[in-house]
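J.: Below is the file query_19.txt, with compact mmCIF, C-alpha atoms.
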# COMPACT_ATOMS: atom_id res chain seq x y z
CA MET A 40 -2.10 -19.55 13.43
CA PRO A 41 1.12 -18.82 15.36
CA THR A 42 1.41 -15.18 16.35
CA ASP A 43 5.22 -15.11 16.64
CA THR A 44 7.00 -15.17 13.31
CA ILE A 45 10.56 -14.69 12.07
CA ASP A 46 10.60 -12.19 9.21
CA LYS A 47 14.29 -11.80 8.56
CA ILE A 48 17.54 -13.64 9.27
CA SER A 49 21.20 -13.09 8.55
CA ILE A 50 23.36 -16.18 8.46
CA ILE A 51 27.13 -16.02 8.83
CA ILE A 52 29.12 -18.86 7.25
CA SER A 53 32.65 -18.92 8.66
CA LYS A 54 33.80 -22.49 7.97
CA GLY A 55 35.28 -23.94 4.80
CA SER A 56 34.50 -27.62 5.38
CA LEU A 57 31.57 -29.54 3.89
CA GLU A 58 29.94 -30.12 7.27
CA GLY A 59 30.61 -26.51 8.24
CA VAL A 60 28.94 -25.11 5.14
CA TYR A 61 25.80 -27.14 4.45
CA PRO A 62 23.86 -26.33 7.65
CA GLY A 63 24.00 -22.59 6.96
CA LEU A 64 23.01 -23.10 3.32
CA ILE A 65 20.10 -25.38 4.24
CA MET A 66 18.88 -22.88 6.82
CA ALA A 67 19.16 -20.02 4.33
CA ASN A 68 17.30 -21.87 1.59
CA GLY A 69 14.68 -23.14 4.03
CA ALA A 70 14.10 -19.64 5.36
CA ARG A 71 13.46 -18.29 1.86
CA ALA A 72 11.05 -21.18 1.24
CA GLU A 73 9.10 -19.93 4.26
CA GLY A 74 9.05 -16.41 2.88
CA ILE A 75 11.66 -15.15 5.35
CA GLU A 76 14.08 -12.46 4.14
CA VAL A 77 17.68 -13.79 4.12
CA ASN A 78 21.18 -12.37 4.03
CA LEU A 79 24.22 -14.64 3.82
CA PHE A 80 27.55 -13.29 5.04
CA PHE A 81 30.69 -15.28 4.17
CA THR A 82 33.71 -14.78 6.37
CA PHE A 83 37.11 -16.44 6.89
CA PHE A 84 37.21 -19.92 5.30
CA GLY A 85 33.53 -19.58 4.52
CA LEU A 86 34.69 -17.42 1.60
CA ASP A 87 35.56 -20.64 -0.24
CA VAL A 88 31.81 -21.20 -0.69
CA ILE A 89 31.59 -18.20 -3.04
CA HIS A 90 35.11 -18.47 -4.46
CA LYS A 91 34.92 -19.34 -8.17
CA ALA A 92 37.93 -21.65 -8.15
CA ARG A 93 37.27 -23.26 -4.78
CA HIS A 94 33.53 -23.69 -4.33
CA ASP A 95 33.51 -27.00 -6.16
CA HIS A 96 36.31 -28.43 -4.00
CA ILE A 97 34.98 -28.10 -0.46
CA LYS A 98 35.88 -31.18 1.57
CA LEU A 99 34.66 -32.96 4.62
CA ALA A 100 36.99 -32.47 7.62
CA THR A 101 38.31 -35.93 8.45
CA VAL A 102 40.82 -34.79 11.10
CA GLY A 103 39.61 -33.60 14.48
CA ASN A 104 36.07 -34.68 13.67
CA PRO A 105 34.96 -37.17 16.33
CA GLY A 106 31.54 -37.39 14.67
CA LEU A 107 33.03 -39.59 11.96
CA HIS A 108 33.77 -42.27 14.56
CA PHE A 109 37.11 -43.37 13.26
CA ALA A 110 40.69 -42.88 14.46
CA THR A 111 42.19 -39.41 14.05
CA MET A 112 45.36 -40.97 12.60
CA LEU A 113 43.28 -42.63 9.89
CA GLY A 114 41.55 -39.34 9.07
CA GLY A 115 44.94 -37.77 8.32
CA LEU A 116 45.99 -40.32 5.70
CA PRO A 117 46.45 -38.86 2.20
CA GLY A 118 43.26 -38.96 0.16
CA ILE A 119 40.93 -39.86 3.03
CA SER A 120 39.26 -36.46 3.03
CA SER A 121 38.57 -36.76 -0.72
CA VAL A 122 37.22 -40.29 -0.39
CA MET A 123 34.94 -39.35 2.50
CA THR A 124 33.76 -36.23 0.68
CA HIS A 125 32.98 -38.32 -2.38
CA TYR A 126 31.03 -40.80 -0.25
CA MET A 127 29.10 -38.05 1.50
CA THR A 128 28.33 -36.25 -1.77
CA HIS A 129 26.87 -39.44 -3.20
CA LYS A 130 24.65 -39.92 -0.17
CA MET A 131 23.47 -36.32 -0.46
CA GLU A 132 22.79 -36.67 -4.17
CA ALA A 133 20.56 -39.63 -3.43
CA LEU A 134 18.56 -37.41 -1.07
CA ASP A 135 18.38 -34.72 -3.76
CA ILE A 136 20.60 -32.30 -1.83
CA PRO A 137 22.39 -30.12 -4.40
CA SER A 138 26.16 -29.65 -4.63
CA ILE A 139 27.52 -26.52 -2.97
CA PRO A 140 27.89 -24.47 -6.20
CA GLU A 141 24.38 -25.39 -7.34
CA PHE A 142 22.94 -24.76 -3.90
CA VAL A 143 24.50 -21.30 -3.64
CA GLU A 144 23.23 -20.37 -7.10
CA MET A 145 19.78 -21.61 -6.14
CA ILE A 146 19.80 -19.59 -2.90
CA ALA A 147 20.81 -16.48 -4.85
CA ASP A 148 17.87 -17.13 -7.20
CA THR A 149 15.50 -17.20 -4.23
CA GLY A 150 16.38 -13.55 -3.68
CA ALA A 151 18.73 -13.97 -0.70
CA GLY A 152 21.55 -11.41 -0.41
CA LEU A 153 25.10 -12.80 -0.67
CA TYR A 154 27.94 -10.78 0.89
CA ALA A 155 31.65 -11.30 1.48
CA CYS A 156 33.39 -10.07 4.63
CA LYS A 157 35.86 -7.28 3.85
CA ALA A 158 38.33 -8.14 6.63
CA SER A 159 38.62 -11.73 5.37
CA VAL A 160 38.81 -10.69 1.73
CA ASP A 161 41.72 -8.38 2.61
CA LEU A 162 43.35 -11.02 4.79
CA PHE A 163 43.37 -13.59 1.99
CA GLY A 164 44.30 -11.05 -0.67
CA LEU A 165 41.13 -11.64 -2.69
CA GLU A 166 39.00 -9.31 -4.80
CA LYS A 167 35.45 -9.16 -6.15
CA ASN A 168 36.57 -10.95 -9.33
CA ASP A 169 37.51 -14.05 -7.37
CA PHE A 170 33.89 -14.57 -6.40
CA ILE A 171 30.88 -15.94 -8.22
CA PRO A 172 28.76 -13.21 -9.86
CA GLN A 173 25.87 -13.76 -7.43
CA VAL A 174 27.87 -12.06 -4.66
CA HIS A 175 26.33 -8.62 -4.25
CA ASP A 176 29.15 -6.88 -2.46
CA ILE A 177 32.14 -7.00 -0.15
CA ILE A 178 31.03 -5.37 3.08
CA THR A 179 32.44 -4.39 6.50
CA VAL A 180 31.16 -5.82 9.74
CA GLY A 181 29.40 -2.51 10.41
CA GLU A 182 27.58 -2.73 7.09
CA PHE A 183 26.66 -6.31 7.92
CA TYR A 184 24.95 -5.18 11.11
CA GLU A 185 23.10 -2.49 9.18
CA LYS A 186 21.81 -5.14 6.76
CA ALA A 187 20.98 -7.51 9.62
CA ALA A 188 19.07 -4.85 11.54
CA GLY A 189 15.57 -5.84 12.55
CA GLY A 190 16.20 -9.57 12.11
CA GLN A 191 17.93 -12.48 13.76
CA ILE A 192 21.58 -13.41 13.29
CA ILE A 193 22.84 -17.00 13.07
CA PHE A 194 26.56 -17.78 13.21
CA THR A 195 27.79 -21.03 11.70
CA MET B 71 -8.56 -28.09 12.37
CA GLN B 72 -10.87 -25.39 11.06
CA THR B 73 -13.47 -25.01 8.35
CA LYS B 74 -13.70 -22.28 5.76
CA THR B 75 -15.90 -21.50 2.80
CA TYR B 76 -14.23 -21.12 -0.59
CA ALA B 77 -16.29 -20.56 -3.74
CA GLY B 78 -19.44 -21.31 -1.77
CA THR B 79 -18.26 -24.72 -0.49
CA GLU B 80 -17.20 -25.50 3.04
CA VAL B 81 -13.78 -27.17 3.32
CA SER B 82 -11.60 -28.47 6.19
CA LEU B 83 -8.24 -26.82 6.77
CA ASP B 84 -5.38 -27.57 9.15
CA ASP B 85 -4.13 -25.01 11.69
CA GLN B 86 -1.97 -23.28 9.06
CA GLY B 87 -4.71 -23.06 6.45
CA PHE B 88 -3.69 -26.01 4.26
CA PHE B 89 -6.40 -28.35 2.98
CA ALA B 90 -6.89 -31.29 5.32
CA ASP B 91 -8.65 -33.17 2.54
CA PRO B 92 -7.25 -32.32 -0.93
CA SER B 93 -10.24 -33.96 -2.61
CA GLN B 94 -12.39 -31.04 -1.38
CA TRP B 95 -10.42 -28.63 -3.56
CA ARG B 96 -11.87 -27.18 -6.79
CA GLU B 97 -10.09 -24.96 -9.32
CA GLU B 98 -12.55 -22.14 -8.73
CA MET B 99 -11.40 -21.92 -5.10
CA ALA B 100 -7.82 -21.04 -6.07
CA PRO B 101 -8.28 -17.32 -6.86
CA GLU B 102 -9.93 -16.73 -3.49
CA ILE B 103 -7.15 -18.54 -1.58
CA GLY B 104 -4.60 -16.61 -3.65
CA ARG B 105 -6.15 -13.26 -2.76
CA GLN B 106 -6.20 -14.23 0.89
CA GLU B 107 -2.44 -14.98 0.61
CA GLY B 108 -1.65 -11.66 -1.03
CA ILE B 109 -1.75 -12.66 -4.70
CA PRO B 110 -4.45 -10.47 -6.31
CA ASP B 111 -4.58 -12.26 -9.69
CA LEU B 112 -3.50 -15.76 -10.64
CA THR B 113 -1.74 -15.61 -14.01
CA ASP B 114 -1.12 -18.48 -16.43
CA ARG B 115 2.31 -18.90 -14.84
CA HIS B 116 0.75 -19.23 -11.37
CA TRP B 117 -1.60 -21.85 -12.80
CA GLN B 118 1.27 -23.75 -14.35
CA VAL B 119 2.77 -24.11 -10.86
CA ILE B 120 -0.56 -24.86 -9.17
CA LYS B 121 -1.38 -27.61 -11.67
CA PHE B 122 2.11 -29.06 -11.28
CA MET B 123 1.61 -29.12 -7.49
CA ARG B 124 -1.66 -31.07 -7.90
CA HIS B 125 -0.04 -33.44 -10.38
CA GLU B 126 2.95 -34.16 -8.10
CA TYR B 127 0.66 -34.66 -5.13
CA ASP B 128 -1.54 -37.08 -7.06
CA GLU B 129 1.52 -39.03 -8.23
CA LYS B 130 3.62 -39.03 -5.07
CA GLY B 131 1.31 -38.21 -2.20
CA THR B 132 3.32 -35.15 -1.25
CA GLY B 133 3.92 -31.72 -2.75
CA PRO B 134 7.27 -30.92 -4.41
CA THR B 135 10.01 -28.81 -2.83
CA VAL B 136 11.10 -25.51 -4.38
CA ARG B 137 14.09 -27.23 -5.94
CA ILE B 138 11.92 -29.78 -7.71
CA LEU B 139 9.51 -27.05 -8.78
CA GLY B 140 12.44 -25.13 -10.28
CA LYS B 141 13.75 -28.21 -12.07
CA ILE B 142 10.58 -29.79 -13.40
CA SER B 143 7.62 -27.37 -13.38
CA GLY B 144 9.02 -25.28 -16.22
CA VAL B 145 9.11 -22.17 -14.02
CA PRO B 146 12.65 -21.26 -12.85
CA ILE B 147 13.35 -20.52 -9.16
CA LYS B 148 13.79 -16.78 -9.64
CA GLU B 149 10.36 -16.51 -11.24
CA LEU B 150 8.80 -18.84 -8.65
CA TYR B 151 9.77 -16.36 -5.93
CA GLU B 152 8.36 -13.49 -8.00
CA LEU B 153 5.07 -15.33 -8.44
CA PHE B 154 4.86 -16.53 -4.82
CA PRO B 155 6.99 -14.13 -2.76
CA LYS B 156 6.04 -15.69 0.58
CA GLY B 157 7.54 -19.05 -0.38
CA PRO B 158 6.68 -20.86 -3.64
CA ALA B 159 6.25 -24.45 -2.44
CA LYS B 160 4.32 -23.44 0.64
CA LEU B 161 2.04 -20.85 -1.00
CA ALA B 162 1.41 -22.84 -4.15
CA ALA B 163 0.54 -25.89 -2.03
CA LYS B 164 -1.96 -23.85 -0.08
CA ILE B 165 -3.56 -22.45 -3.22
CA ALA B 166 -3.53 -25.88 -4.88
CA GLY B 167 -5.32 -27.39 -1.88
CA ILE B 168 -2.64 -29.91 -0.91
CA PRO B 169 -0.79 -30.37 2.42
CA LYS B 170 2.33 -28.35 3.14
CA PRO B 171 5.40 -30.02 1.55
CA ARG B 172 7.78 -31.28 4.23
CA GLY B 173 11.14 -31.38 2.39
CA CYS B 174 14.12 -29.48 3.84
CA ILE B 175 15.70 -28.47 0.54
Please render this file's structure as structure tokens.
T.:
Amino acid sequence: MPTDTIDKISIIISKGSLEGVYPGLIMANGARAEGIEVNLFFTFFGLDVIHKARHDHIKLATVGNPGLHFATMLGGLPGISSVMTHYMTHKMEALDIPSIPEFVEMIADTGAGLYACKASVDLFGLEKNDFIPQVHDIITVGEFYEKAAGGQIIFT
Amino acid sequence: MQTKTYAGTEVSLDDQGFFADPSQWREEMAPEIGRQEGIPDLTDRHWQVIKFMRHEYDEKGTGPTVRILGKISGVPIKELYELFPKGPAKLAAKIAGIPKPRGCI
């Protein structure tokens, strides 16, 4: 048996693109599956992940994304981001990876804590009502560190 | 690899305590494995999950992920984590005597 274990992690999700969001969600869900305590902290464009009107419309970044291996000019054409997102979503569905709204709901059901960053909420003029009901609270960075105390922090 | 005695029978386990040979598992071993993993009593709901794990393993050769458990076993994800706080798929697999599921979701 390994003697070193991770008992608690806090994952910050700061991006609002498909490829910027999934890794943090997969790590959060996977940590809960291992019995690790998890807090998720959504900041800046990451707030879209818990935004009622936006969480179903998160798109793959097709501009400035060399990983896609096609010309930047092409990535900027109207509709390309939607088409690529659609394509990616289908591939994920085939692998049984849930959509972002379903995934977030599932992670909340595992007992992970979901929090929104107060500075970003103020910046974008949002309020608690704009978020899905699974969001526990809007918290300051100081409160985030209090919640993260004793565990590891991952920034995505 | 290690050996351990459950319900009076010696079985082979991997380094993390999962059954190396699922055919060595018997239902009467489950309560003892459960206690060792911090679950004092296996309820009917625990058994529903354990039996589903065995069934999936027999059908597919691998244990289900938490998502599949939540969708198909009849026990929702919230309750799965209440029944098996240290990770439903992992703990239930251990108690059900099957290898650790390797899915990422």
J.: List as a CSV table (one decimal) with C-alpha atoms, in the frame of the given file the protein and nucleic acid residues near A:Pro137, meaning an atom at most 12 Å away when only C-alpha atoms are counted, but skip any in the same chain fewer than 2 places from it.
T.:
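Final file, result_26.csv:
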chain,number,residue,atom,x,y,z
A,61,TYR,CA,25.8,-27.1,4.4
A,64,LEU,CA,23.0,-23.1,3.3
A,65,ILE,CA,20.1,-25.4,4.2
A,68,ASN,CA,17.3,-21.9,1.6
A,95,ASP,CA,33.5,-27.0,-6.2
A,127,MET,CA,29.1,-38.0,1.5
A,128,THR,CA,28.3,-36.2,-1.8
A,129,HIS,CA,26.9,-39.4,-3.2
A,130,LYS,CA,24.6,-39.9,-0.2
A,131,MET,CA,23.5,-36.3,-0.5
A,132,GLU,CA,22.8,-36.7,-4.2
A,133,ALA,CA,20.6,-39.6,-3.4
A,134,LEU,CA,18.6,-37.4,-1.1
A,135,ASP,CA,18.4,-34.7,-3.8
A,139,ILE,CA,27.5,-26.5,-3.0
A,140,PRO,CA,27.9,-24.5,-6.2
A,141,GLU,CA,24.4,-25.4,-7.3
A,142,PHE,CA,22.9,-24.8,-3.9
A,143,VAL,CA,24.5,-21.3,-3.6
A,144,GLU,CA,23.2,-20.4,-7.1
A,145,MET,CA,19.8,-21.6,-6.1
A,146,ILE,CA,19.8,-19.6,-2.9
B,137,ARG,CA,14.1,-27.2,-5.9
B,138,ILE,CA,11.9,-29.8,-7.7
B,141,LYS,CA,13.8,-28.2,-12.1
B,174,CYS,CA,14.1,-29.5,3.8
B,175,ILE,CA,15.7,-28.5,0.5
J.: Within 7 Å of chain B, which residues of chain A show up when using only C-alpha atoms, listed as a list of chain:residue names?
T.: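 The selection requested is A:Met40, A:Ile65, A:Asn68, A:Gly69, A:Arg71, A:Ala72, A:Glu73, A:Gly74, A:Ile136, A:Asp148, A:Thr149.
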J.: Quick one: residues within 7 Å of B:Phe89, only C-alpha atoms counted, chain neighbours fewer than 6 positions away excluded, as a list in words?
T.: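 Surrounding residues, per the criterion: Ser82, Leu83, Gly167, Ile168 and Pro169 of chain B.
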J.: What's around A:Ser121 at 10 Å? Count all atoms listed in the file, leave out sequence neighbours fewer than 5 positions away in its own chain, and write the answer as an MDAnalysis selection string.
T.: chainID A and resid 96:101 126:127
J.: Could you state the separation of atom CA of B:Val119 and atom CA of B:Arg96 in Å, given to one decimal place?
T.: 15.5 Å
J.: Give me, please, the distance in Å between atom CA of B:Gly133 and atom CA of A:Ile45, quoted to one decimal.
T.: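 If I compute the distance from atom CA of B:Gly133 to atom CA of A:Ile45, I get 23.5 Å.
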J.: Need to verify the contact set: stretch 120-126 of chain B, 7 Å, all atoms listed in the file, exclusion of same-chain residues closer than 4 positions in sequence. Can you return it as a ChimeraX atom specification?
T.: /B:116,130,132-134,143,162-163,166
J.: Considering all atoms listed in the file, state which residue in the set B:Lys164, B:Thr79, B:Asp91, B:Lys170 is at the smallest distance from B:Glu107.
T.: B:Lys164
J.: Might you pull out every residue within 6 Å of A:Tyr154, with only C-alpha atoms counted and same-chain residues fewer than 2 positions away left off, and present them as a list in words?
T.: Phe80, Val174, His175, Asp176 and Ile177 of chain A
J.: Regenerate stretch 80-98 of chain B at the level of N, CA and C atoms and dump it as a CSV table (one decimal), in the coordinates of the input.
T.:
chain,number,residue,atom,x,y,z
B,80,GLU,N,-17.9,-25.4,1.8
B,80,GLU,CA,-17.2,-25.5,3.0
B,80,GLU,C,-16.1,-26.6,2.9
B,81,VAL,N,-14.9,-26.2,3.4
B,81,VAL,CA,-13.8,-27.2,3.3
B,81,VAL,C,-13.1,-27.2,4.7
B,82,SER,N,-12.4,-28.3,4.9
B,82,SER,CA,-11.6,-28.5,6.2
B,82,SER,C,-10.2,-28.1,6.0
B,83,LEU,N,-9.6,-27.3,6.9
B,83,LEU,CA,-8.2,-26.8,6.8
B,83,LEU,C,-7.5,-27.2,8.0
B,84,ASP,N,-6.2,-27.3,7.9
B,84,ASP,CA,-5.4,-27.6,9.2
B,84,ASP,C,-5.1,-26.2,9.8
B,85,ASP,N,-4.3,-26.2,10.9
B,85,ASP,CA,-4.1,-25.0,11.7
B,85,ASP,C,-3.5,-23.9,10.9
B,86,GLN,N,-2.7,-24.3,9.9
B,86,GLN,CA,-2.0,-23.3,9.1
B,86,GLN,C,-2.7,-22.9,7.8
B,87,GLY,N,-3.9,-23.4,7.6
B,87,GLY,CA,-4.7,-23.1,6.4
B,87,GLY,C,-4.5,-23.9,5.2
B,88,PHE,N,-3.8,-25.1,5.4
B,88,PHE,CA,-3.7,-26.0,4.3
B,88,PHE,C,-4.9,-27.0,4.3
B,89,PHE,N,-5.3,-27.4,3.1
B,89,PHE,CA,-6.4,-28.4,3.0
B,89,PHE,C,-6.1,-29.6,3.7
B,90,ALA,N,-7.0,-30.0,4.6
B,90,ALA,CA,-6.9,-31.3,5.3
B,90,ALA,C,-7.3,-32.4,4.4
B,91,ASP,N,-8.2,-32.2,3.5
B,91,ASP,CA,-8.6,-33.2,2.5
B,91,ASP,C,-8.6,-32.6,1.1
B,92,PRO,N,-7.5,-32.9,0.4
B,92,PRO,CA,-7.2,-32.3,-0.9
B,92,PRO,C,-8.4,-32.6,-1.9
B,93,SER,N,-9.2,-33.6,-1.7
B,93,SER,CA,-10.2,-34.0,-2.6
B,93,SER,C,-11.4,-32.9,-2.5
B,94,GLN,N,-11.4,-32.1,-1.5
B,94,GLN,CA,-12.4,-31.0,-1.4
B,94,GLN,C,-12.1,-29.8,-2.3
B,95,TRP,N,-10.9,-29.8,-2.8
B,95,TRP,CA,-10.4,-28.6,-3.6
B,95,TRP,C,-11.0,-28.6,-5.0
B,96,ARG,N,-11.4,-27.4,-5.4
B,96,ARG,CA,-11.9,-27.2,-6.8
B,96,ARG,C,-11.1,-26.0,-7.4
B,97,GLU,N,-10.9,-26.0,-8.7
B,97,GLU,CA,-10.1,-25.0,-9.3
B,97,GLU,C,-10.6,-23.6,-9.0
B,98,GLU,N,-12.0,-23.5,-8.9
B,98,GLU,CA,-12.6,-22.1,-8.7
B,98,GLU,C,-12.3,-21.6,-7.3
